[in-house]
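Structure data (mmCIF, C-alpha atoms and all ligand atoms) from work-v8.cif:
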```
data_data
loop_
_atom_site.label_atom_id
_atom_site.label_comp_id
_atom_site.auth_asym_id
_atom_site.auth_seq_id
_atom_site.Cartn_x
_atom_site.Cartn_y
_atom_site.Cartn_z
CA MET A 1 0.00 0.00 0.00
CA THR A 2 1.35 3.43 -0.85
CA ASP A 3 0.12 6.57 0.88
CA HIS A 4 -2.22 8.69 -1.26
CA TYR A 5 -2.35 12.51 -1.16
CA ASP A 6 -4.28 15.24 -2.94
CA VAL A 7 -1.02 16.82 -4.01
CA ILE A 8 2.72 16.19 -3.69
CA VAL A 9 5.24 19.04 -3.89
CA VAL A 10 8.75 18.01 -4.97
CA GLY A 11 11.38 20.48 -3.70
CA LEU A 12 10.77 22.69 -0.64
CA GLY A 13 13.02 25.65 -1.42
CA GLY A 14 11.61 29.12 -2.04
CA MET A 15 8.89 28.19 -4.51
CA GLY A 16 7.98 24.74 -3.14
CA SER A 17 7.62 25.95 0.46
CA ALA A 18 5.31 28.73 -0.79
CA ALA A 19 3.25 26.24 -2.81
CA ALA A 20 3.01 23.78 0.10
CA ALA A 21 1.83 26.51 2.50
CA GLN A 22 -0.84 27.72 0.07
CA LEU A 23 -2.04 24.28 -1.02
CA ALA A 24 -2.38 23.09 2.58
CA GLY A 25 -4.17 26.38 3.33
CA ARG A 26 -6.72 25.52 0.67
CA GLY A 27 -7.48 22.28 2.48
CA LEU A 28 -5.57 19.85 0.27
CA ARG A 29 -3.92 16.81 1.81
CA THR A 30 -0.37 17.86 0.93
CA LEU A 31 2.95 16.00 1.02
CA GLY A 32 6.18 17.98 0.57
CA LEU A 33 9.41 16.15 -0.31
CA GLU A 34 12.84 17.77 0.06
CA GLN A 35 16.24 16.12 -0.47
CA PHE A 36 18.02 18.35 2.09
CA THR A 37 17.14 19.96 5.45
CA PRO A 38 14.69 22.88 5.96
CA ALA A 39 16.03 26.21 4.58
CA HIS A 40 19.36 24.62 3.57
CA ASP A 41 22.17 26.38 1.69
CA LYS A 42 22.73 23.96 -1.21
CA GLY A 43 20.23 25.33 -3.74
CA SER A 44 19.14 28.85 -4.70
CA SER A 45 17.38 30.21 -1.61
CA HIS A 46 20.11 31.09 0.91
CA GLY A 47 22.56 33.90 1.68
CA ASP A 48 20.68 36.26 4.08
CA THR A 49 19.04 38.72 1.68
CA ARG A 50 17.27 39.08 -1.68
CA VAL A 51 16.42 42.30 -3.51
CA ILE A 52 12.72 43.11 -3.90
CA ARG A 53 11.44 46.06 -5.95
CA GLN A 54 8.35 47.08 -7.89
CA ALA A 55 9.42 49.10 -10.97
CA TYR A 56 10.71 46.02 -12.74
CA PHE A 57 13.27 47.00 -15.37
CA GLU A 58 13.32 43.51 -16.84
CA ASP A 59 9.73 43.81 -18.14
CA PRO A 60 6.68 45.83 -16.99
CA ALA A 61 4.61 42.62 -17.30
CA TYR A 62 6.07 41.51 -13.94
CA VAL A 63 4.67 44.51 -12.03
CA PRO A 64 1.19 43.15 -11.18
CA LEU A 65 2.83 40.01 -9.80
CA LEU A 66 5.15 42.15 -7.68
CA LEU A 67 2.28 44.20 -6.28
CA ARG A 68 0.65 40.96 -5.12
CA SER A 69 3.98 39.63 -3.85
CA TYR A 70 4.37 42.73 -1.66
CA GLU A 71 0.97 42.01 -0.06
CA LEU A 72 1.85 38.39 0.55
CA TYR A 73 5.32 39.24 1.93
CA ALA A 74 3.75 41.80 4.29
CA ASP A 75 1.46 39.04 5.53
CA LEU A 76 4.39 36.61 5.97
CA ASP A 77 6.33 39.31 7.82
CA ARG A 78 3.66 39.15 10.55
CA ASP A 79 4.91 35.64 11.40
CA ASP A 80 8.54 36.83 11.61
CA PRO A 81 8.90 40.63 11.73
CA GLY A 82 11.95 41.82 9.75
CA LEU A 83 11.66 39.10 7.12
CA PHE A 84 10.67 41.84 4.65
CA VAL A 85 12.16 45.37 4.87
CA GLU A 86 11.63 48.36 2.56
CA THR A 87 14.87 50.37 2.43
CA GLY A 88 14.35 52.28 -0.81
CA GLY A 89 15.89 50.99 -4.03
CA LEU A 90 18.47 52.78 -6.16
CA MET A 91 18.98 51.68 -9.80
CA ILE A 92 22.21 53.25 -11.04
CA GLY A 93 23.79 53.55 -14.49
CA THR A 94 23.73 55.75 -17.56
CA ALA A 95 20.31 57.18 -18.42
CA SER A 96 19.89 54.56 -21.15
CA SER A 97 21.09 51.55 -19.09
CA GLY A 98 18.65 48.71 -18.41
CA PRO A 99 18.22 49.33 -14.67
CA VAL A 100 17.62 53.10 -15.13
CA ALA A 101 15.65 53.28 -18.40
CA GLY A 102 13.81 50.00 -17.80
CA SER A 103 12.74 50.91 -14.25
CA ARG A 104 11.50 54.25 -15.50
CA ALA A 105 9.50 52.61 -18.29
CA SER A 106 7.96 50.14 -15.85
CA ALA A 107 7.11 52.87 -13.33
CA ASP A 108 5.57 55.06 -16.04
CA THR A 109 3.52 52.14 -17.38
CA TRP A 110 2.06 51.34 -13.97
CA GLY A 111 2.00 54.80 -12.36
CA LEU A 112 4.55 53.90 -9.66
CA PRO A 113 6.18 56.85 -7.86
CA TYR A 114 9.92 57.47 -8.32
CA GLU A 115 12.64 60.12 -8.34
CA MET A 116 15.48 60.65 -10.83
CA LEU A 117 18.84 61.62 -9.32
CA ASP A 118 21.94 62.99 -11.05
CA SER A 119 25.41 62.05 -9.87
CA GLY A 120 25.59 65.00 -7.45
CA ASP A 121 22.23 64.05 -5.92
CA ILE A 122 23.39 60.45 -5.51
CA ARG A 123 26.60 61.50 -3.73
CA ARG A 124 24.74 63.88 -1.42
CA ARG A 125 21.94 61.54 -0.47
CA PHE A 126 23.84 58.27 -0.46
CA PRO A 127 27.49 59.13 0.25
CA THR A 128 28.73 55.52 0.09
CA PHE A 129 28.43 55.69 -3.74
CA THR A 130 31.00 57.46 -5.94
CA PRO A 131 29.32 57.77 -9.35
CA SER A 132 31.01 59.52 -12.28
CA LYS A 133 29.46 62.59 -13.92
CA ASN A 134 27.33 60.83 -16.55
CA THR A 135 25.88 58.41 -14.00
CA VAL A 136 22.26 58.84 -12.90
CA ALA A 137 19.86 56.88 -10.72
CA PHE A 138 16.24 55.90 -10.50
CA PHE A 139 15.06 55.85 -6.87
CA GLU A 140 12.06 53.85 -5.74
CA ASP A 141 10.83 54.19 -2.15
CA ARG A 142 9.39 50.70 -2.03
CA GLY A 143 12.60 48.86 -2.94
CA GLY A 144 14.02 46.66 -0.20
CA PHE A 145 14.98 43.15 0.72
CA VAL A 146 13.52 39.89 1.96
CA ARG A 147 15.34 37.25 4.00
CA PRO A 148 15.33 33.97 2.07
CA GLU A 149 16.04 31.44 4.84
CA ARG A 150 13.47 33.08 7.11
CA THR A 151 10.93 33.15 4.26
CA VAL A 152 11.36 29.43 3.59
CA THR A 153 11.17 28.67 7.32
CA ALA A 154 8.01 30.76 7.81
CA GLN A 155 6.34 29.11 4.83
CA LEU A 156 7.27 25.58 5.99
CA ARG A 157 5.89 26.44 9.43
CA ARG A 158 2.63 27.60 7.86
CA ALA A 159 2.44 24.48 5.69
CA ALA A 160 2.92 22.19 8.70
CA ALA A 161 0.46 24.18 10.83
CA ARG A 162 -2.11 23.72 8.07
CA GLY A 163 -1.66 19.95 8.08
CA ALA A 164 0.92 19.36 5.33
CA GLU A 165 3.23 16.40 5.81
CA LEU A 166 6.83 17.46 5.12
CA HIS A 167 9.63 14.97 4.58
CA PHE A 168 13.25 16.16 4.57
CA GLN A 169 16.38 14.32 3.46
CA GLU A 170 14.27 12.29 1.06
CA ARG A 171 15.24 12.50 -2.59
CA VAL A 172 12.73 11.95 -5.40
CA THR A 173 14.29 9.63 -7.97
CA ARG A 174 11.37 9.21 -10.36
CA TRP A 175 7.83 10.36 -11.06
CA ALA A 176 5.16 9.16 -13.47
CA ALA A 177 1.74 10.56 -14.33
CA THR A 178 -1.32 8.90 -15.84
CA ASP A 179 -4.63 10.55 -16.59
CA ALA A 180 -5.88 9.42 -13.17
CA ASP A 181 -2.97 10.10 -10.80
CA VAL A 182 0.76 10.51 -10.20
CA THR A 183 3.29 8.15 -8.61
CA ILE A 184 6.46 9.40 -6.93
CA THR A 185 9.42 7.19 -6.10
CA THR A 186 12.01 8.36 -3.57
CA ASP A 187 15.09 6.85 -1.96
CA ARG A 188 12.79 5.88 0.94
CA GLY A 189 9.55 4.71 -0.65
CA SER A 190 6.75 5.61 -3.03
CA TYR A 191 3.61 7.74 -2.85
CA THR A 192 0.64 8.46 -5.06
CA ALA A 193 -1.39 11.64 -5.40
CA ASP A 194 -4.05 13.22 -7.57
CA LYS A 195 -1.63 16.00 -8.53
CA LEU A 196 2.03 16.90 -8.55
CA VAL A 197 4.01 20.13 -8.23
CA ILE A 198 7.65 20.15 -9.38
CA THR A 199 9.64 23.05 -7.89
CA ALA A 200 13.10 21.51 -7.98
CA GLY A 201 15.24 24.61 -8.63
CA SER A 202 18.57 23.68 -10.20
CA TRP A 203 17.57 20.01 -10.31
CA ALA A 204 14.58 20.78 -12.59
CA PRO A 205 16.54 19.82 -15.74
CA ASP A 206 16.83 16.26 -14.29
CA LEU A 207 13.26 15.91 -13.05
CA LEU A 208 11.81 17.52 -16.18
CA ALA A 209 14.13 15.85 -18.69
CA ASP A 210 11.05 14.81 -20.70
CA LEU A 211 10.31 18.49 -21.44
CA ALA A 212 13.86 19.23 -22.63
CA LEU A 213 13.57 22.81 -21.34
CA PRO A 214 16.56 24.98 -22.33
CA LEU A 215 17.69 25.51 -18.71
CA THR A 216 21.30 26.24 -17.72
CA VAL A 217 22.54 26.01 -14.14
CA GLU A 218 25.05 28.72 -13.16
CA ARG A 219 27.30 29.09 -10.12
CA GLN A 220 26.91 32.58 -8.61
CA LEU A 221 28.65 34.17 -5.65
CA LEU A 222 27.80 36.37 -2.69
CA PHE A 223 30.50 38.41 -0.89
CA TRP A 224 30.46 40.04 2.55
CA PHE A 225 32.92 42.82 3.38
CA HIS A 226 33.64 44.82 6.49
CA PRO A 227 33.68 48.49 5.39
CA ILE A 228 36.89 50.46 5.92
CA ASP A 229 35.39 52.95 8.41
CA GLY A 230 32.96 50.52 10.04
CA ILE A 231 29.40 49.65 9.16
CA GLU A 232 27.75 52.92 10.22
CA PRO A 233 27.72 54.57 6.74
CA PHE A 234 26.06 51.38 5.41
CA ALA A 235 23.53 51.04 8.23
CA LEU A 236 19.93 50.09 7.65
CA GLY A 237 18.05 53.40 7.29
CA ARG A 238 20.97 55.09 5.50
CA GLN A 239 21.99 52.65 2.78
CA PRO A 240 19.34 51.52 0.25
CA ILE A 241 19.43 48.33 -1.80
CA PHE A 242 21.00 49.12 -5.15
CA ILE A 243 21.74 47.69 -8.60
CA TRP A 244 24.48 49.47 -10.54
CA GLU A 245 25.15 48.70 -14.17
CA THR A 246 28.72 49.47 -15.22
CA ASP A 247 29.68 50.83 -18.62
CA GLY A 248 30.81 47.28 -19.40
CA GLY A 249 27.26 46.04 -18.81
CA MET A 250 27.98 44.22 -15.52
CA GLN A 251 25.44 44.62 -12.75
CA LEU A 252 26.74 44.95 -9.20
CA TYR A 253 24.14 44.95 -6.44
CA GLY A 254 24.18 45.27 -2.69
CA PHE A 255 22.37 45.64 0.62
CA PRO A 256 22.60 47.66 3.84
CA ALA A 257 24.66 46.32 6.74
CA LEU A 258 22.71 43.76 8.73
CA ASP A 259 23.27 41.77 11.90
CA GLY A 260 25.93 44.08 13.35
CA ALA A 261 29.62 44.42 12.52
CA ARG A 262 30.11 40.66 12.17
CA GLY A 263 27.37 40.55 9.55
CA GLY A 264 29.22 42.93 7.22
CA VAL A 265 27.84 44.33 3.99
CA LYS A 266 26.81 42.03 1.14
CA PHE A 267 27.55 42.54 -2.56
CA ALA A 268 27.16 40.37 -5.66
CA PHE A 269 27.18 40.45 -9.44
CA TYR A 270 24.06 39.51 -11.36
CA ARG A 271 25.14 36.78 -13.77
CA ASN A 272 28.88 36.70 -13.68
CA GLY A 273 28.72 32.96 -13.23
CA SER A 274 29.93 29.78 -14.82
CA ALA A 275 28.02 26.61 -15.79
CA ALA A 276 27.55 24.24 -12.85
CA ASP A 277 26.34 20.78 -11.90
CA PRO A 278 24.03 21.09 -8.86
CA ASP A 279 25.36 17.87 -7.29
CA HIS A 280 28.99 18.98 -7.62
CA LEU A 281 28.95 22.73 -7.10
CA ASP A 282 32.30 24.39 -6.37
CA ARG A 283 31.47 26.12 -3.07
CA GLU A 284 34.88 27.64 -2.50
CA ILE A 285 35.41 31.36 -3.20
CA HIS A 286 38.69 31.82 -5.08
CA PRO A 287 41.12 34.76 -4.65
CA ALA A 288 40.61 35.97 -8.25
CA GLU A 289 36.86 36.14 -7.60
CA ILE A 290 37.36 38.27 -4.49
CA ASP A 291 39.76 40.50 -6.46
CA LEU A 292 37.20 41.13 -9.21
CA MET A 293 34.68 42.25 -6.61
CA ARG A 294 37.31 44.44 -4.92
CA GLN A 295 38.12 46.16 -8.22
CA HIS A 296 34.45 47.12 -8.62
CA LEU A 297 34.03 48.22 -5.01
CA ALA A 298 37.19 50.36 -5.24
CA GLU A 299 35.64 52.30 -8.07
CA MET A 300 31.95 52.33 -7.09
CA LEU A 301 31.74 52.10 -3.27
CA PRO A 302 35.33 52.55 -2.04
CA ALA A 303 34.36 52.71 1.64
CA ALA A 304 33.06 49.14 1.41
CA ASN A 305 36.38 47.74 0.24
CA GLY A 306 37.71 46.64 3.65
CA ASN A 307 38.23 43.12 5.00
CA PHE A 308 36.65 40.29 3.07
CA LEU A 309 34.55 38.45 5.67
CA ARG A 310 33.07 35.49 3.79
CA GLY A 311 31.51 34.31 0.56
CA LYS A 312 28.88 31.85 -0.46
CA ALA A 313 28.10 30.00 -3.68
CA CYS A 314 24.51 29.76 -4.93
CA MET A 315 22.87 28.64 -8.18
CA TYR A 316 20.79 30.30 -10.86
CA THR A 317 18.69 28.15 -13.21
CA VAL A 318 18.52 30.25 -16.31
CA THR A 319 16.25 30.29 -19.38
CA PRO A 320 17.38 31.86 -22.70
CA ASP A 321 15.04 34.88 -22.29
CA LEU A 322 15.48 35.07 -18.47
CA ASN A 323 11.71 34.73 -18.00
CA PHE A 324 10.40 32.01 -15.67
CA VAL A 325 8.71 28.72 -16.55
CA ILE A 326 5.40 28.41 -14.66
CA GLY A 327 2.42 26.41 -15.78
CA THR A 328 0.71 23.08 -16.24
CA HIS A 329 3.01 20.44 -17.72
CA PRO A 330 2.32 20.35 -21.48
CA GLN A 331 1.81 16.56 -21.46
CA HIS A 332 0.17 16.08 -18.05
CA HIS A 333 -2.90 18.03 -16.91
CA ASN A 334 -2.23 16.98 -13.27
CA VAL A 335 1.38 18.21 -13.04
CA VAL A 336 2.35 21.86 -12.43
CA VAL A 337 5.88 23.12 -12.95
CA GLY A 338 7.74 26.15 -11.51
CA ALA A 339 11.33 26.42 -12.80
CA GLY A 340 13.91 28.57 -14.55
CA PHE A 341 13.70 31.54 -12.18
CA SER A 342 16.86 32.88 -13.82
CA GLY A 343 18.39 34.49 -10.73
CA HIS A 344 15.53 36.90 -10.05
CA GLY A 345 12.77 34.71 -8.62
CA PHE A 346 12.91 35.22 -4.88
CA LYS A 347 10.96 38.47 -4.81
CA PHE A 348 8.09 36.52 -6.42
CA VAL A 349 8.15 33.51 -4.07
CA PRO A 350 4.74 33.94 -2.38
CA VAL A 351 2.91 34.95 -5.56
CA VAL A 352 4.40 31.95 -7.38
CA GLY A 353 3.02 29.81 -4.54
CA GLU A 354 -0.38 31.38 -5.15
CA ILE A 355 -0.19 30.84 -8.92
CA ILE A 356 0.82 27.19 -8.51
CA SER A 357 -2.02 26.65 -6.04
CA ASP A 358 -4.49 28.24 -8.47
CA LEU A 359 -3.29 25.94 -11.25
CA ILE A 360 -3.57 22.86 -9.01
CA THR A 361 -6.99 23.70 -7.52
CA GLN A 362 -8.69 25.49 -10.45
CA GLY A 363 -6.67 24.60 -13.54
CA SER A 364 -6.11 28.32 -14.24
CA THR A 365 -5.06 31.57 -12.53
CA HIS A 366 -6.09 35.22 -12.82
CA HIS A 367 -2.43 36.23 -12.56
CA PRO A 368 -0.72 37.17 -15.84
CA ILE A 369 1.64 34.28 -16.62
CA SER A 370 1.78 34.22 -20.42
CA LEU A 371 5.50 35.18 -20.35
CA PHE A 372 6.22 31.93 -18.52
CA ASP A 373 4.81 29.35 -20.96
CA ALA A 374 6.89 26.12 -21.02
CA LYS A 375 6.00 25.68 -24.70
CA ARG A 376 7.57 28.95 -25.89
CA TRP A 377 10.62 27.19 -27.31
CA THR A 378 8.73 24.57 -29.32
C1 LIG B 401 23.42 34.40 -5.48
C2 LIG B 401 21.96 34.57 -5.74
C3 LIG B 401 21.39 35.83 -5.60
C4 LIG B 401 20.05 36.02 -5.90
N1 LIG B 401 19.50 37.26 -5.70
C5 LIG B 401 18.19 37.45 -5.92
C6 LIG B 401 17.60 38.70 -5.61
O1 LIG B 401 18.26 39.60 -5.11
N2 LIG B 401 16.27 38.85 -5.84
C7 LIG B 401 15.52 37.86 -6.36
O2 LIG B 401 14.32 38.08 -6.57
N3 LIG B 401 16.04 36.65 -6.64
C8 LIG B 401 17.36 36.43 -6.43
N4 LIG B 401 17.92 35.20 -6.68
C9 LIG B 401 17.10 34.15 -7.30
C10 LIG B 401 16.22 33.41 -6.33
O3 LIG B 401 16.87 33.20 -5.11
C11 LIG B 401 15.80 32.10 -7.00
O4 LIG B 401 15.11 32.41 -8.20
C12 LIG B 401 14.89 31.27 -6.09
O5 LIG B 401 15.51 31.06 -4.84
C13 LIG B 401 14.59 29.94 -6.75
O6 LIG B 401 13.78 29.16 -5.88
P1 LIG B 401 13.47 27.64 -6.22
O7 LIG B 401 12.44 27.21 -5.25
O8 LIG B 401 13.22 27.50 -7.68
O9 LIG B 401 14.87 26.87 -5.96
P2 LIG B 401 15.43 26.28 -4.58
O10 LIG B 401 15.17 27.21 -3.48
O11 LIG B 401 16.81 25.82 -4.83
O12 LIG B 401 14.49 25.04 -4.31
C14 LIG B 401 14.51 23.84 -5.04
C15 LIG B 401 14.46 22.73 -4.02
O13 LIG B 401 14.19 21.48 -4.64
C16 LIG B 401 14.91 20.49 -3.95
N5 LIG B 401 15.02 19.33 -4.84
C17 LIG B 401 15.51 19.32 -6.09
N6 LIG B 401 15.47 18.09 -6.62
C18 LIG B 401 14.91 17.29 -5.69
C19 LIG B 401 14.60 15.89 -5.65
N7 LIG B 401 14.86 15.08 -6.68
N8 LIG B 401 14.04 15.39 -4.52
C20 LIG B 401 13.77 16.22 -3.46
N9 LIG B 401 14.06 17.53 -3.44
C21 LIG B 401 14.61 18.07 -4.55
C22 LIG B 401 16.23 21.19 -3.67
O14 LIG B 401 16.99 20.54 -2.68
C23 LIG B 401 15.78 22.56 -3.29
O15 LIG B 401 15.55 22.68 -1.89
C24 LIG B 401 19.25 34.94 -6.35
C25 LIG B 401 19.81 33.68 -6.46
C26 LIG B 401 21.15 33.49 -6.13
C27 LIG B 401 21.72 32.10 -6.26
#
```

Kindly return the structure encoded in the file as C-alpha cells.
Amino acid sequence: MTDHYDVIVVGLGGMGSAAAAQLAGRGLRTLGLEQFTPAHDKGSSHGDTRVIRQAYFEDPAYVPLLLRSYELYADLDRDDPGLFVETGGLMIGTASSGPVAGSRASADTWGLPYEMLDSGDIRRRFPTFTPSKNTVAFFEDRGGFVRPERTVTAQLRRAAARGAELHFQERVTRWAATDADVTITTDRGSYTADKLVITAGSWAPDLLADLALPLTVERQLLFWFHPIDGIEPFALGRQPIFIWETDGGMQLYGFPALDGARGGVKFAFYRNGSAADPDHLDREIHPAEIDLMRQHLAEMLPAANGNFLRGKACMYTVTPDLNFVIGTHPQHHNVVVGAGFSGHGFKFVPVVGEIISDLITQGSTHHPISLFDAKRWT
C-alpha cells in the first residue's frame, strides 16, 4: 500500500515551500518532499538577503505580480517581523542603461512613484556611492529586501500548521503521471497523489528531462565585506538596496549592513557565473573572484572595500530569455511546474506559490503568466 495525497510538492526551497503553504491552506492533503534539510544552503534560496522592488526594469509585465507579492510578503512578515524590509531601491547607471531606463518605463507604465537623481544628488543623499558625472539613478521608495532562509522557514511552518506532511532528506528519484494520478518514487519509498508540483530549482533539468527545457545552471557568488570605516555609513536606514550597471554592462548589487559588525555588507554580481552541476557545485570562493569584486568596489563604493569576511556560492537556473517557466506540464494536466527563475525569482516567491495553487486547484489563474509558458521554445 502506498500513501495517497491530494497533491505532492517536490522540492521545498523558495517556490515549493510557498506552494506547500498555500495548497495546505486551501485544504488539500499535501505531502512535501525535500532532499536536504529545511532552509538549507545547497540550492538557490540562501545567503541572508534578496532584492525586492516594484518598478521592474526587466519587463513591466512583472509589475502586477510584484504588487501581489508585496501584499503576501507583508502578511508573511507578521509571522517573523523583519523578514521583509523596505529600504528604498536605487537603480544606477547611464540614463539609457537597463536598470535606469527600464525601471522608468515600468514605473511610467504602472504609475509607480519614483525620483530621478543625477550624480551629485546620488553623492549627497547616499554618500557611500562614488558615481562619475554621466551616472544617474532611479530611486524607488518601495525597494528593499527579503530574508530567504526566514521566508522558507516561515512558509514551511505555515504548511505544517495547516496539516501538510513534510519529509526532509528524502530524494525523489522518479515520477510518473497517468490521466488518473501521479506516482512518486524516492530513496525511501513511493507515494501516489491526484496532482504533482515540481519546484526543484537547479535540479529541474533532471526531473523535467522529458520536457527538454533549455535551462542552464550557473554558479553565482555572494561576498560580505567589512567596510573600511565601520558599518555605520552602510547602516539600515541610510543605505538603500541598489543595482548598478557598469559601462561594461555588468550589474553589481548590494544591501545595507545587517546583523551588526560581524554581519558585514553584502555585494554580488548579477550573472557573472559559470556553468555548474548542482550535485557537484564548487562552493569555494577563489582569490581571483574576491579580487574582481574588490576592483568594482574600489571604483563604485570605495568605503566598502575593507576586509573580506566570507563568501557563499549559490545557483541560478537560467532560461534563454530570463523569464520564468510556470504552468501546467504540457503533457500532463495533473502536473504543475515552476522552474527557470533565472536568478531573479525570490521576490516573487509567495505569488508563485499562489499561482501554482491556483493551477492545481482550479486549472487556471487570474495572474498574468503568459511570459512563462513552457512551450515557448517549441
Ligand atoms: C546568489 C543569488 C542571488 C540572488 N539574488 C536574488 C535577488 O536579489 N532577488 C531575487 O528576486 N532573486 C534572487 N535570486 C534568485 C532566487 O533566489 C531564486 O530564483 C529562487 O531562490 C529559486 O527558488 P526555487 O524554489 O526555484 O529553488 P530552490 O530554493 O533551490 O528550491 C529547489 C528545491 O528542490 C529540492 N530538490 C531538487 N530536486 C529534488 C529531488 N529530486 N528530490 C527532493 N528535493 C529536490 C532542492 O533541494 C531545493 O531545496 C538569487 C539567487 C542566487 C543564487

Original post:
Between A:Ala313, A:Leu359, A:Ile122, A:Leu258, which one has atoms that come closest to A:Ile285, using all atoms listed in the file?
Top reply: A:Ala313

Extending 3 Å beyond the listed atoms of ligand LIG 401 (chain B) on each side, what axis-aligned box results? I want centre and edge lengths in Å to one decimal, as AutoDock Vina command-line options.
```
--center_x 17.9 --center_y 27.3 --center_z -5.0 --size_x 17.0 --size_y 30.5 --size_z 12.3
```

Subject >> Atom-to-atom span, atom CA of A:Thr192 and atom CA of A:Ala176, Å >> reply: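 Computed distance, atom CA of A:Thr192 to atom CA of A:Ala176, equals 9.6 Å.
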
**OP:** Identify which of the residues A:Asp229, A:Asp3, A:Asp259, A:Asp179 lies closest to A:Tyr191, counting only C-alpha atoms when measuring atom-to-atom distances.
**Re:**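 Among the listed residues, A:Asp3 lies closest to A:Tyr191.
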
**OP:** Take atom O9 of ligand LIG 401 (chain B) and atom CA of A:Ala18 and report the distance between them in Å, one decimal.
**Re:** 11.0 Å

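Using all atoms listed in the file for every distance, the candidate list A:Tyr62, A:Phe138, A:Phe57, A:Tyr270 yields A:Tyr270 as the residue closest to A:Cys314.
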
Original post:
Expressed in Å to a single decimal, how great is the separation between atom CA of A:Ala61 and atom CA of A:Leu12?
Top reply: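 Straight-line distance from atom CA of A:Ala61 to atom CA of A:Leu12 works out to 26.7 Å.
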
**OP:** Go through A:Thr178, A:Thr128, A:Gln295, A:Gln220 one by one, measure the shortest atom-to-atom distance of each to ligand LIG 401 (chain B) using all atoms listed in the file, and give the residue with the smallest value.
**Re:**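 The shortest atom-to-atom distance to ligand LIG 401 (chain B) comes from A:Gln220.
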
Original post:
Using all atoms listed in the file, what residues lie at most 8 Å away from (-2.5, 35.1, -7.1) (file coordinates), given as number ranges by chain?
Top reply: A: 65, 68, 351-352, 354-355, 358, 365-367

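Checking A:Tyr253, A:Tyr73, A:Trp203, A:Phe223 one by one against ligand LIG 401 (chain B), counting all atoms listed in the file, you find the shortest gap at A:Trp203.
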
**OP:** Pick out the residues sitting within 12 Å of A:His344, and hand them over as a ChimeraX atom specification; count all atoms listed in the file, and ignore anything fewer than 2 positions along from it in its own chain.
**Re:** /A:14,44-45,50-53,56-58,62,66,270-271,315-319,322-324,339-342,346-349

Keeping only C-alpha atoms, write the selected residues to a file as a tab-separated table (two decimals), in the coordinates of the input.
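Resulting contents of result_8.tsv:
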```
chain	number	residue	atom	x	y	z
A	14	GLY	CA	11.61	29.12	-2.04
A	44	SER	CA	19.14	28.85	-4.70
A	45	SER	CA	17.38	30.21	-1.61
A	50	ARG	CA	17.27	39.08	-1.68
A	51	VAL	CA	16.42	42.30	-3.51
A	52	ILE	CA	12.72	43.11	-3.90
A	53	ARG	CA	11.44	46.06	-5.95
A	56	TYR	CA	10.71	46.02	-12.74
A	57	PHE	CA	13.27	47.00	-15.37
A	58	GLU	CA	13.32	43.51	-16.84
A	62	TYR	CA	6.07	41.51	-13.94
A	66	LEU	CA	5.15	42.15	-7.68
A	270	TYR	CA	24.06	39.51	-11.36
A	271	ARG	CA	25.14	36.78	-13.77
A	315	MET	CA	22.87	28.64	-8.18
A	316	TYR	CA	20.79	30.30	-10.86
A	317	THR	CA	18.69	28.15	-13.21
A	318	VAL	CA	18.52	30.25	-16.31
A	319	THR	CA	16.25	30.29	-19.38
A	322	LEU	CA	15.48	35.07	-18.47
A	323	ASN	CA	11.71	34.73	-18.00
A	324	PHE	CA	10.40	32.01	-15.67
A	339	ALA	CA	11.33	26.42	-12.80
A	340	GLY	CA	13.91	28.57	-14.55
A	341	PHE	CA	13.70	31.54	-12.18
A	342	SER	CA	16.86	32.88	-13.82
A	346	PHE	CA	12.91	35.22	-4.88
A	347	LYS	CA	10.96	38.47	-4.81
A	348	PHE	CA	8.09	36.52	-6.42
A	349	VAL	CA	8.15	33.51	-4.07
```

Original post:
Using only C-alpha atoms and all ligand atoms, which of A:Arg174, A:Arg150, A:Arg124, A:His4 sits nearest ligand LIG 401 (chain B)?
Top reply: A:Arg174
